[in-house]
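Below you'll find the structure, written out as structure tokens, and then a few comments.
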Amino acid sequence: MPTTARRRPPRGRRPAPGPYLLVAPAVLGMLYLLLYPFGRALLISFQDFRLRELIRGDAEFVGLRNYQTLLGDPRFWEVVRRTFLFMAVNVLAIMILSTLVALMIERLGRTGRAVVLGSLVLVWAVPVVAATTVFQWLFHSEFGIVNETLTDLGLTSFEGYTWFADGGSALTILVVLIVWQSVPFAAITLYSALTTVPAELYESARLDGAGAARVFRSVTFPLVRPIFMLVVSLEVIWTFKAFVQIWVMTRGGPGDATTILPVYAVQTALASQRYDLGSAASMVTVLLMSGVLVLYFRQLFRQEGEHL
């Protein structure tokens, strides 16, 4: 049978605009939903924008005054420190647990793998507000199953214990909640990367007498490193801007124990209708998160260049 050669457009001919017109509404809509709120918040951060200006719409431009006020607030810097600590603890715990879960899934049989992957997907599908509400009831002082279980085990000091009245315990519960919600995505992604590692490399390493830790360090991790680093960057973004869990569970309390930058921005905007300071705090949050990612990717690309 004669083969039909694939026709190519003549050189110099412009591509048809049809595909671009089809995707244009989606692209324009996405840009509007992303850029307009950002631009509006950026503009408000340079204005004297309070409840009066929200109603009348005659905000005065004040330049960098809001940023000077924000950066001169000692509470703001304490929140920044807490935010970075909160992010580091969450990302470290997520990546360790996700790697262990992914390695476990790889070694399971077909049935066990299907059960674990299905369970991870179900956990991942739970809405954030629903999961946060469940954790609130788990650690409820009177009706929570955690207090009841600990009391039954003989730890009578936990009878009626108010977890959310103590800053350390409240922050720990939030870390557990965010890690529990984040591990499924990271574990499934890392497991997908592990399936691309050729089995022959494992066999060669074992024949050379390498143990499990050496195999992971010398064979597995170098091959899945790009996906691993991508997951780390995504977890940095997600934990840095964690808001819903904290706002639903503690609203930043007790005191400021669970207040991180996104919560601080909302508190500043709503407490005294200082929408200008809240917007400035949001812009600083974006800058700090962007700075962390830029440094991270710079280091990543430098390491990748050294390995080439």
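Naming scheme: A, B, ... for chains in displayed order of the structure tokens; residues 1 onward per chain; ligands 1 onward as shown.
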
Practice task
Using only C-alpha atoms, determine which residues lie at most 8 Å from A:Phe86, disregarding the query and same-chain residues fewer than 6 positions distant; provide the list as a PyMOL selection string.
Solution key: chain A and resi 175+239-240

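Counting from atom CA of A:Leu138, the distance to atom CA of A:Val126 is 16.0 Å.
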
Exercise for the section: Record the distance separating atom CA of A:Val183 and atom CA of A:Met229, expressed in Å with one decimal. Expected result: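 About the pair atom CA of A:Val183 and atom CA of A:Met229: they are 14.9 Å apart.
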
Exercise for the section: For stretch 198-201 of chain A, please output as a list in words all residues within 9 Å (counting only C-alpha atoms; exclusion window: fewer than 5 positions along the same chain). Expected result: Arg206, Val219 and Thr220 of chain A

Output as a tab-separated table one row per residue of stretch 81-139 of chain A within 12 Å of stretch 271-288 of chain A: the closest atom pair and its distance in Å to one decimal place, counting only C-alpha atoms, sorted by chain and residue number ascending.
```
residue	atom	partner	partner_atom	distance
A:Arg81	CA	A:Leu288	CA	11.5
A:Thr83	CA	A:Thr285	CA	9.8
A:Phe84	CA	A:Leu288	CA	9.7
```

Exercise for the section: Could you tell me, as a ChimeraX atom specification, which residues of stretch 73-290 of chain A DSSP assigns to alpha helix (DSSP H) when given the backbone? Expected result: /A:74-107,110-125,128-138,145-152,167-194,199-207,212-215,221-240,244-249,261-271,275-290
